[in-house]
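K.L.:
Shown below is the structure under consideration.
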Amino acid sequence: MTPSSFAKPKVRIITTGGTIASVNGKPMIDGPALVGALPELGNLADIQVEEFSKIGSSKMTPALWLKLSKRINRLFDEDEQLSSVVITHGTDTLEETAYFLNLTVRSPKPVIVVGAMRSANEISADGPANLINAVRVGLESKAVGSGVMVVLNERISAAREVWKTHNRGVDTFQSESSFLGVVDPDKVRFYRSTFYTHTADTPFRIEKLDQLPKVELVMDFTDFDPAIIDYFASKGLEGLVAGSFAGGRISAGMAEGLKRAADNGLPICIASQVPEGRIIGYPAYDFPVVFAPDLSPKKARILLMLSLQLTNDPKQLQTNFEQF
Ligand code: ASP
């Protein structure tokens, strides 16, 4: 056996802030301190840590997503020995960042996004266990090729399927059509994989981008005022996502506003505000529109931003919403 046979797997932890790095609700723990507080991690892997940012995730932006994804791609390109990357992140926009990475990281190696619901100073803080579990998941052979995953509360979710459901509970992250797996104390167990195209198999290349097209999201509600769409459309938008009622249905005001915008050439996507189930038998509207059958409106916005780099052909956009 060569000496390298005994080497521990290399894992990079990139810290961005959020409650997992917070004291009294403020993200103030720097990356090395966050990781240094968990010497157990050293038994699992050769851990390297870098601080990317120290922000609440409500401050996350598309420009930061691009920077983070490029950083991860560079790390995998530069170090063949690197086994996985773990990102610590606030939970408010964690599902958005995870889905963006799921579409833009170019490696099949595991990327895990992890957060916490309780600050480090709170009784029963969940951050330490979540971080250890995230590293454990990344070391599991079945995690390779599984796309970007989210680990909290001993559950593994696919980035495409996960959403935050509770304002405070540690079981806040739920997953459409069940979790990918669990992180038991003795073993990481995968139950299934995800079959949507992700990471290295997507066509989205971001290396040369510093910003993404401006795409806004407007939620429908009873008696929606079409002037809301007119306002957004006047702001130099490149795409618009409408968060519809169940089944892709929309109010008369939303239909009126979307028609005006679409007739002026704005690409429109409709995604349901209702978290579970798919939009089937897309409703017919008298303007061009694509449907995100089973993505949340926030994730549909991300996919539209990336897709518009490549095309604004409605047929191709529709294919993307069914594939990624
Ligand atoms: N404020 C936090 C954030 O950065 C919430 C959390 O991390 O749970 O999203």
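The chains in the structure tokens are called A, B, ... from first to last as shown; in each chain the residues are counted from 1, and the ligands are counted from 1 in the order shown.
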Show me, as JSON, numbers by chain, the residues that have an atom within 7 Å of range 172-186 of chain A when counting only C-alpha atoms, minus same-chain residues fewer than 4 positions from it.
P.N.:
{"A": [133, 154, 155, 156, 157, 158, 161, 162, 163, 164, 165, 166, 190, 191, 192, 193, 276]}
K.L.:
Filtering to N, CA and C atoms, could you give me those residues as a PDB file, in the first residue's frame?
P.N.:
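Output contents, as saved in result_38.pdb:
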ATOM      1  N   ASN A 133     -22.976  16.045   9.830  1.00  0.00           N
ATOM      2  CA  ASN A 133     -23.754  15.159   8.941  1.00  0.00           C
ATOM      3  C   ASN A 133     -23.548  15.512   7.467  1.00  0.00           C
ATOM      4  N   GLU A 154     -30.857  15.559   9.979  1.00  0.00           N
ATOM      5  CA  GLU A 154     -30.631  14.135   9.641  1.00  0.00           C
ATOM      6  C   GLU A 154     -31.325  13.697   8.357  1.00  0.00           C
ATOM      7  N   ARG A 155     -31.717  14.645   7.508  1.00  0.00           N
ATOM      8  CA  ARG A 155     -32.374  14.305   6.243  1.00  0.00           C
ATOM      9  C   ARG A 155     -31.529  14.810   5.081  1.00  0.00           C
ATOM     10  N   ILE A 156     -31.533  14.039   3.998  1.00  0.00           N
ATOM     11  CA  ILE A 156     -30.830  14.455   2.773  1.00  0.00           C
ATOM     12  C   ILE A 156     -31.893  14.758   1.717  1.00  0.00           C
ATOM     13  N   SER A 157     -31.837  15.964   1.164  1.00  0.00           N
ATOM     14  CA  SER A 157     -32.803  16.342   0.130  1.00  0.00           C
ATOM     15  C   SER A 157     -32.074  16.704  -1.151  1.00  0.00           C
ATOM     16  N   ALA A 158     -32.748  16.488  -2.284  1.00  0.00           N
ATOM     17  CA  ALA A 158     -32.223  16.958  -3.573  1.00  0.00           C
ATOM     18  C   ALA A 158     -32.520  18.450  -3.683  1.00  0.00           C
ATOM     19  N   GLU A 161     -35.777  19.651  -5.130  1.00  0.00           N
ATOM     20  CA  GLU A 161     -37.051  19.261  -4.528  1.00  0.00           C
ATOM     21  C   GLU A 161     -37.308  19.882  -3.163  1.00  0.00           C
ATOM     22  N   VAL A 162     -36.296  20.530  -2.604  1.00  0.00           N
ATOM     23  CA  VAL A 162     -36.392  20.899  -1.191  1.00  0.00           C
ATOM     24  C   VAL A 162     -36.965  22.304  -1.012  1.00  0.00           C
ATOM     25  N   TRP A 163     -37.735  22.473   0.054  1.00  0.00           N
ATOM     26  CA  TRP A 163     -38.174  23.827   0.370  1.00  0.00           C
ATOM     27  C   TRP A 163     -38.320  23.993   1.879  1.00  0.00           C
ATOM     28  N   LYS A 164     -38.190  25.259   2.313  1.00  0.00           N
ATOM     29  CA  LYS A 164     -38.295  25.581   3.743  1.00  0.00           C
ATOM     30  C   LYS A 164     -39.769  25.743   4.087  1.00  0.00           C
ATOM     31  N   THR A 165     -40.219  25.052   5.118  1.00  0.00           N
ATOM     32  CA  THR A 165     -41.659  25.029   5.393  1.00  0.00           C
ATOM     33  C   THR A 165     -42.027  25.583   6.760  1.00  0.00           C
ATOM     34  N   HIS A 166     -41.060  25.820   7.616  1.00  0.00           N
ATOM     35  CA  HIS A 166     -41.398  26.226   8.990  1.00  0.00           C
ATOM     36  C   HIS A 166     -40.530  27.408   9.380  1.00  0.00           C
ATOM     37  N   PHE A 190     -28.913   6.157   1.644  1.00  0.00           N
ATOM     38  CA  PHE A 190     -29.645   6.723   0.507  1.00  0.00           C
ATOM     39  C   PHE A 190     -30.797   5.796   0.166  1.00  0.00           C
ATOM     40  N   TYR A 191     -31.992   6.376  -0.040  1.00  0.00           N
ATOM     41  CA  TYR A 191     -33.161   5.578  -0.425  1.00  0.00           C
ATOM     42  C   TYR A 191     -33.387   5.573  -1.928  1.00  0.00           C
ATOM     43  N   ARG A 192     -32.993   6.668  -2.569  1.00  0.00           N
ATOM     44  CA  ARG A 192     -33.287   6.807  -4.001  1.00  0.00           C
ATOM     45  C   ARG A 192     -32.341   7.844  -4.570  1.00  0.00           C
ATOM     46  N   SER A 193     -32.419   8.068  -5.897  1.00  0.00           N
ATOM     47  CA  SER A 193     -31.669   9.172  -6.480  1.00  0.00           C
ATOM     48  C   SER A 193     -32.656  10.110  -7.170  1.00  0.00           C
ATOM     49  N   GLU A 276     -46.823  21.193  -3.618  1.00  0.00           N
ATOM     50  CA  GLU A 276     -46.760  19.764  -4.001  1.00  0.00           C
ATOM     51  C   GLU A 276     -47.523  19.476  -5.290  1.00  0.00           C
TER      52      GLU A 276
END
K.L.:
Pick out the residues sitting within 12 Å of Pro288 in chain A, and hand them over as a ChimeraX atom specification; count only C-alpha atoms, and ignore anything fewer than 3 positions along from it in its own chain.
P.N.:
/A:255,258-270,283-285,291,312-315,317-318
K.L.:
Could those residues be written to a file, using C-alpha atoms, as a compact mmCIF listing (two decimals), in the first residue's frame?
P.N.:
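Once written, selection_21.txt looks like this:
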# COMPACT_ATOMS: atom_id res chain seq x y z
CA ALA A 255 -53.79 37.35 -17.33
CA LEU A 258 -49.04 39.00 -18.62
CA LYS A 259 -50.67 39.31 -22.04
CA ARG A 260 -49.48 42.89 -22.42
CA ALA A 261 -45.96 41.97 -21.35
CA ALA A 262 -45.82 38.84 -23.52
CA ASP A 263 -47.19 40.70 -26.55
CA ASN A 264 -44.25 43.08 -26.08
CA GLY A 265 -41.89 40.13 -26.30
CA LEU A 266 -41.17 39.44 -22.61
CA PRO A 267 -40.58 35.71 -21.93
CA ILE A 268 -43.13 34.57 -19.33
CA CYS A 269 -43.05 31.47 -17.15
CA ILE A 270 -45.90 30.30 -14.95
CA PRO A 283 -54.01 25.77 -19.28
CA ALA A 284 -54.38 27.64 -22.59
CA TYR A 285 -53.74 31.38 -22.51
CA PHE A 291 -44.91 26.37 -17.61
CA ASN A 312 -35.70 32.50 -25.73
CA ASP A 313 -37.44 29.98 -27.94
CA PRO A 314 -40.59 28.96 -26.02
CA LYS A 315 -40.30 25.31 -27.12
CA LEU A 317 -37.58 26.87 -22.66
CA GLN A 318 -40.49 24.46 -22.08
K.L.:
May I have a table of the residues of chain A lying at most 7 Å from ligand 1, giving each one's closest pair of atoms and their distance in Å to one decimal, counting only C-alpha atoms and all ligand atoms, ordered by chain and ascending residue number, as a Markdown table?
P.N.:
| residue | atom | partner | partner_atom_place_in_ligand_line | distance |
| --- | --- | --- | --- | --- |
| A:Gly17 | CA | ligand 1 | 4 (O) | 6.4 |
| A:Gly18 | CA | ligand 1 | 4 (O) | 3.3 |
| A:Thr19 | CA | ligand 1 | 7 (O) | 3.7 |
| A:Ile20 | CA | ligand 1 | 7 (O) | 6.1 |
| A:Gly25 | CA | ligand 1 | 1 (N) | 6.8 |
| A:Ile55 | CA | ligand 1 | 4 (O) | 6.5 |
| A:Gly56 | CA | ligand 1 | 4 (O) | 3.3 |
| A:Ser57 | CA | ligand 1 | 4 (O) | 3.7 |
| A:Ser58 | CA | ligand 1 | 9 (O) | 5.6 |
| A:His89 | CA | ligand 1 | 7 (O) | 6.5 |
| A:Gly90 | CA | ligand 1 | 7 (O) | 3.1 |
| A:Thr91 | CA | ligand 1 | 7 (O) | 4.0 |
| A:Asp92 | CA | ligand 1 | 9 (O) | 3.7 |
| A:Thr93 | CA | ligand 1 | 9 (O) | 6.0 |
| A:Gly115 | CA | ligand 1 | 7 (O) | 6.0 |
| A:Ala116 | CA | ligand 1 | 8 (O) | 5.4 |
| A:Met117 | CA | ligand 1 | 8 (O) | 4.4 |
| A:Arg118 | CA | ligand 1 | 8 (O) | 6.9 |
K.L.:
Given the choices A:Ile132, A:Val274, A:Leu66, A:Val85, which gets closest to Leu38 in chain A if the distance is worked out from only C-alpha atoms?
P.N.:
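So, comparing all the options, the nearest one is A:Ile132.
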K.L.:
Write out as a PyMOL selection string all residues of range 199-293 of chain A that backbone DSSP assigns to strand (DSSP E).
P.N.:
chain A and resi 215-219+239-244+268-272+290-292
K.L.:
I want to know what sits within 9 Å of Glu51 in chain A, based on only C-alpha atoms, with residues of the same chain fewer than 5 positions away left out; could you give that as a list of chain:residue names?
P.N.:
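So the residues in contact are A:Ile13, A:Ile14, A:Thr15, A:Thr16, A:Gly17, A:Asp30, A:Gly31, A:Pro32.
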K.L.:
Among range 122-299 of chain A, which ones does DSSP assign to alpha helix (DSSP H) (computed from the backbone)? Answer as a PyMOL selection string.
P.N.:
chain A and resi 127-138+227-233+252-263+297-299
K.L.:
For Gln211 in chain A, please output as number ranges by chain all residues within 10 Å (counting only C-alpha atoms; exclusion window: fewer than 6 positions along the same chain).
P.N.:
A: 61-67, 305
K.L.:
Put those residues in a file: N, CA, C and O atoms, as a PDB file, in the first residue's frame.
P.N.:
ATOM      1  N   THR A  61     -27.277  37.111  -3.473  1.00  0.00           N
ATOM      2  CA  THR A  61     -27.650  37.712  -4.767  1.00  0.00           C
ATOM      3  C   THR A  61     -27.221  36.778  -5.910  1.00  0.00           C
ATOM      4  O   THR A  61     -26.331  35.931  -5.731  1.00  0.00           O
ATOM      5  N   PRO A  62     -27.790  36.966  -7.101  1.00  0.00           N
ATOM      6  CA  PRO A  62     -27.321  36.185  -8.254  1.00  0.00           C
ATOM      7  C   PRO A  62     -25.830  36.385  -8.515  1.00  0.00           C
ATOM      8  O   PRO A  62     -25.134  35.434  -8.902  1.00  0.00           O
ATOM      9  N   ALA A  63     -25.312  37.597  -8.289  1.00  0.00           N
ATOM     10  CA  ALA A  63     -23.871  37.816  -8.503  1.00  0.00           C
ATOM     11  C   ALA A  63     -23.057  36.940  -7.544  1.00  0.00           C
ATOM     12  O   ALA A  63     -22.025  36.370  -7.924  1.00  0.00           O
ATOM     13  N   LEU A  64     -23.531  36.800  -6.305  1.00  0.00           N
ATOM     14  CA  LEU A  64     -22.815  35.928  -5.354  1.00  0.00           C
ATOM     15  C   LEU A  64     -22.971  34.455  -5.732  1.00  0.00           C
ATOM     16  O   LEU A  64     -22.034  33.666  -5.566  1.00  0.00           O
ATOM     17  N   TRP A  65     -24.142  34.085  -6.251  1.00  0.00           N
ATOM     18  CA  TRP A  65     -24.297  32.686  -6.705  1.00  0.00           C
ATOM     19  C   TRP A  65     -23.246  32.370  -7.766  1.00  0.00           C
ATOM     20  O   TRP A  65     -22.634  31.298  -7.750  1.00  0.00           O
ATOM     21  N   LEU A  66     -23.103  33.311  -8.709  1.00  0.00           N
ATOM     22  CA  LEU A  66     -22.138  33.075  -9.792  1.00  0.00           C
ATOM     23  C   LEU A  66     -20.732  32.901  -9.232  1.00  0.00           C
ATOM     24  O   LEU A  66     -19.996  31.987  -9.617  1.00  0.00           O
ATOM     25  N   LYS A  67     -20.390  33.790  -8.311  1.00  0.00           N
ATOM     26  CA  LYS A  67     -19.045  33.738  -7.726  1.00  0.00           C
ATOM     27  C   LYS A  67     -18.821  32.415  -6.970  1.00  0.00           C
ATOM     28  O   LYS A  67     -17.764  31.778  -7.071  1.00  0.00           O
ATOM     29  N   MET A 305     -33.550  32.369 -15.617  1.00  0.00           N
ATOM     30  CA  MET A 305     -32.344  33.212 -15.745  1.00  0.00           C
ATOM     31  C   MET A 305     -31.242  32.485 -16.512  1.00  0.00           C
ATOM     32  O   MET A 305     -30.588  33.052 -17.387  1.00  0.00           O
TER      33      MET A 305
END
K.L.:
So that I can check the surroundings of Arg301 in chain A, please list as a VMD selection string every protein, DNA and RNA residue that reaches within 7 Å of it, counting only C-alpha atoms and ignoring chain neighbours fewer than 3 positions away.
P.N.:
chain A and resid 215 217 241 297 to 298 304 to 305
K.L.:
Can you spit out the residues from that selection as an mmCIF file, in the first residue's frame, using N, CA and C atoms?
P.N.:
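So the final result, stored in again-v9.cif, reads:
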data_model
loop_
_atom_site.group_PDB
_atom_site.id
_atom_site.type_symbol
_atom_site.label_atom_id
_atom_site.label_comp_id
_atom_site.auth_asym_id
_atom_site.auth_seq_id
_atom_site.Cartn_x
_atom_site.Cartn_y
_atom_site.Cartn_z
ATOM 1 N N VAL A 215 -34.614 38.872 -14.109
ATOM 2 C CA VAL A 215 -35.892 38.149 -14.149
ATOM 3 C C VAL A 215 -36.585 38.388 -12.816
ATOM 4 N N LEU A 217 -40.142 38.035 -10.220
ATOM 5 C CA LEU A 217 -41.162 37.059 -9.836
ATOM 6 C C LEU A 217 -42.337 37.816 -9.225
ATOM 7 N N VAL A 241 -41.468 35.602 -14.062
ATOM 8 C CA VAL A 241 -42.140 34.396 -13.576
ATOM 9 C C VAL A 241 -43.386 34.839 -12.826
ATOM 10 N N PRO A 297 -41.963 28.787 -7.758
ATOM 11 C CA PRO A 297 -41.710 30.012 -8.533
ATOM 12 C C PRO A 297 -40.283 30.540 -8.354
ATOM 13 N N LYS A 298 -39.742 30.446 -7.143
ATOM 14 C CA LYS A 298 -38.370 30.956 -6.925
ATOM 15 C C LYS A 298 -37.352 30.151 -7.732
ATOM 16 N N LEU A 304 -35.113 30.065 -15.386
ATOM 17 C CA LEU A 304 -35.353 30.983 -16.507
ATOM 18 C C LEU A 304 -34.132 31.888 -16.718
ATOM 19 N N MET A 305 -33.550 32.369 -15.617
ATOM 20 C CA MET A 305 -32.344 33.212 -15.745
ATOM 21 C C MET A 305 -31.242 32.485 -16.512
#
K.L.:
Can you work out which one of A:Lys142, A:Arg136, A:Arg205, A:Lys26 has the shortest atom-to-atom distance to Leu44 in chain A, counting only C-alpha atoms?
P.N.:
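Checking each candidate against Leu44 in chain A, we get A:Arg136 as the closest.
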K.L.:
Would you mind reading off the distance between CA of Val150 in chain A and CA of Thr194 in chain A, one decimal, in Å?
P.N.:
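Value for the CA of Val150 in chain A-CA of Thr194 in chain A distance: 13.0 Å.
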K.L.:
Can you list, as a PyMOL selection string, every protein, DNA or RNA residue that comes within 10 Å of Tyr99 in chain A when you count only C-alpha atoms, leaving out same-chain residues fewer than 2 positions away?
P.N.:
chain A and resi 94-97+101-104+147-150+158-162+198-199+298-300+302-303+324
K.L.:
Would you write out those residues with N, CA, C and O atoms, as a tab-separated table (two decimals), in the first residue's frame?
P.N.:
chain	number	residue	atom	x	y	z
A	94	LEU	N	-31.51	29.24	1.20
A	94	LEU	CA	-30.67	28.05	0.98
A	94	LEU	C	-31.15	27.23	-0.22
A	94	LEU	O	-30.36	26.77	-1.04
A	95	GLU	N	-32.48	27.10	-0.34
A	95	GLU	CA	-32.98	26.25	-1.45
A	95	GLU	C	-32.70	26.89	-2.80
A	95	GLU	O	-32.54	26.19	-3.80
A	96	GLU	N	-32.64	28.23	-2.85
A	96	GLU	CA	-32.33	28.90	-4.12
A	96	GLU	C	-30.86	28.69	-4.49
A	96	GLU	O	-30.53	28.33	-5.63
A	97	THR	N	-29.98	28.94	-3.54
A	97	THR	CA	-28.55	28.75	-3.81
A	97	THR	C	-28.27	27.30	-4.20
A	97	THR	O	-27.53	27.02	-5.16
A	101	LEU	N	-26.67	26.06	-7.76
A	101	LEU	CA	-25.45	25.23	-7.84
A	101	LEU	C	-25.75	23.91	-8.54
A	101	LEU	O	-24.93	23.39	-9.31
A	102	ASN	N	-26.94	23.36	-8.30
A	102	ASN	CA	-27.33	22.10	-8.92
A	102	ASN	C	-27.34	22.21	-10.45
A	102	ASN	O	-27.14	21.22	-11.16
A	103	LEU	N	-27.56	23.43	-10.95
A	103	LEU	CA	-27.61	23.64	-12.40
A	103	LEU	C	-26.27	24.07	-12.98
A	103	LEU	O	-26.11	24.04	-14.20
A	104	THR	N	-25.34	24.51	-12.14
A	104	THR	CA	-24.13	25.14	-12.69
A	104	THR	C	-22.80	24.53	-12.25
A	104	THR	O	-21.78	24.81	-12.88
A	147	GLY	N	-26.18	15.03	-7.61
A	147	GLY	CA	-26.53	16.45	-7.70
A	147	GLY	C	-26.26	17.15	-6.37
A	147	GLY	O	-25.78	16.53	-5.42
A	148	VAL	N	-26.58	18.42	-6.33
A	148	VAL	CA	-26.36	19.18	-5.09
A	148	VAL	C	-27.43	18.76	-4.08
A	148	VAL	O	-28.59	18.58	-4.44
A	149	MET	N	-26.99	18.55	-2.86
A	149	MET	CA	-27.92	18.07	-1.82
A	149	MET	C	-27.95	19.04	-0.64
A	149	MET	O	-27.01	19.79	-0.42
A	150	VAL	N	-29.06	18.97	0.09
A	150	VAL	CA	-29.24	19.79	1.29
A	150	VAL	C	-29.34	18.84	2.47
A	150	VAL	O	-30.08	17.86	2.40
A	158	ALA	N	-32.75	16.49	-2.28
A	158	ALA	CA	-32.22	16.96	-3.57
A	158	ALA	C	-32.52	18.45	-3.68
A	158	ALA	O	-33.62	18.90	-3.33
A	159	ALA	N	-31.54	19.20	-4.19
A	159	ALA	CA	-31.69	20.67	-4.28
A	159	ALA	C	-32.96	21.05	-5.04
A	159	ALA	O	-33.64	22.00	-4.69
A	160	ARG	N	-33.28	20.31	-6.09
A	160	ARG	CA	-34.45	20.66	-6.90
A	160	ARG	C	-35.76	20.53	-6.13
A	160	ARG	O	-36.75	21.17	-6.43
A	161	GLU	N	-35.78	19.65	-5.13
A	161	GLU	CA	-37.05	19.26	-4.53
A	161	GLU	C	-37.31	19.88	-3.16
A	161	GLU	O	-38.40	19.75	-2.62
A	162	VAL	N	-36.30	20.53	-2.60
A	162	VAL	CA	-36.39	20.90	-1.19
A	162	VAL	C	-36.97	22.30	-1.01
A	162	VAL	O	-36.77	23.17	-1.84
A	198	HIS	N	-28.79	17.34	-13.88
A	198	HIS	CA	-28.17	18.30	-12.97
A	198	HIS	C	-26.66	18.38	-13.20
A	198	HIS	O	-26.08	17.59	-13.97
A	199	THR	N	-26.05	19.31	-12.52
A	199	THR	CA	-24.60	19.56	-12.48
A	199	THR	C	-23.93	19.37	-13.86
A	199	THR	O	-24.31	20.06	-14.79
A	298	LYS	N	-39.74	30.45	-7.14
A	298	LYS	CA	-38.37	30.96	-6.93
A	298	LYS	C	-37.35	30.15	-7.73
A	298	LYS	O	-36.40	30.69	-8.29
A	299	LYS	N	-37.55	28.85	-7.78
A	299	LYS	CA	-36.61	28.02	-8.55
A	299	LYS	C	-36.85	28.19	-10.05
A	299	LYS	O	-35.90	28.15	-10.83
A	300	ALA	N	-38.12	28.38	-10.44
A	300	ALA	CA	-38.40	28.63	-11.86
A	300	ALA	C	-37.67	29.90	-12.31
A	300	ALA	O	-37.15	29.97	-13.43
A	302	ILE	N	-34.83	30.99	-11.26
A	302	ILE	CA	-33.40	30.66	-11.45
A	302	ILE	C	-33.19	29.94	-12.78
A	302	ILE	O	-32.29	30.26	-13.55
A	303	LEU	N	-34.06	28.97	-13.05
A	303	LEU	CA	-33.91	28.23	-14.30
A	303	LEU	C	-34.16	29.14	-15.51
A	303	LEU	O	-33.47	29.02	-16.53
A	324	PHE	N	-34.76	20.00	-16.18
A	324	PHE	CA	-33.75	20.36	-15.17
A	324	PHE	C	-34.35	20.61	-13.79
A	324	PHE	O	-35.35	21.26	-13.67
K.L.:
By how many Å are CA of Gly248 in chain A and CA of Ala271 in chain A apart?
P.N.:
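These two atoms are separated by 6.5 Å.
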K.L.:
Looking at only C-alpha atoms, which of A:Ala125, A:Val114, A:Leu212, A:Ala7 is the one that sits closest to Leu152 in chain A?
P.N.:
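Closest candidate: A:Val114.
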K.L.:
Could you check which of A:Asn167, A:Ser124, A:Phe195, A:Leu310 is closest to Pro213 in chain A, using only C-alpha atoms?
P.N.:
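Of A:Asn167, A:Ser124, A:Phe195, A:Leu310, the one nearest Pro213 in chain A is A:Leu310, counting only C-alpha atoms.
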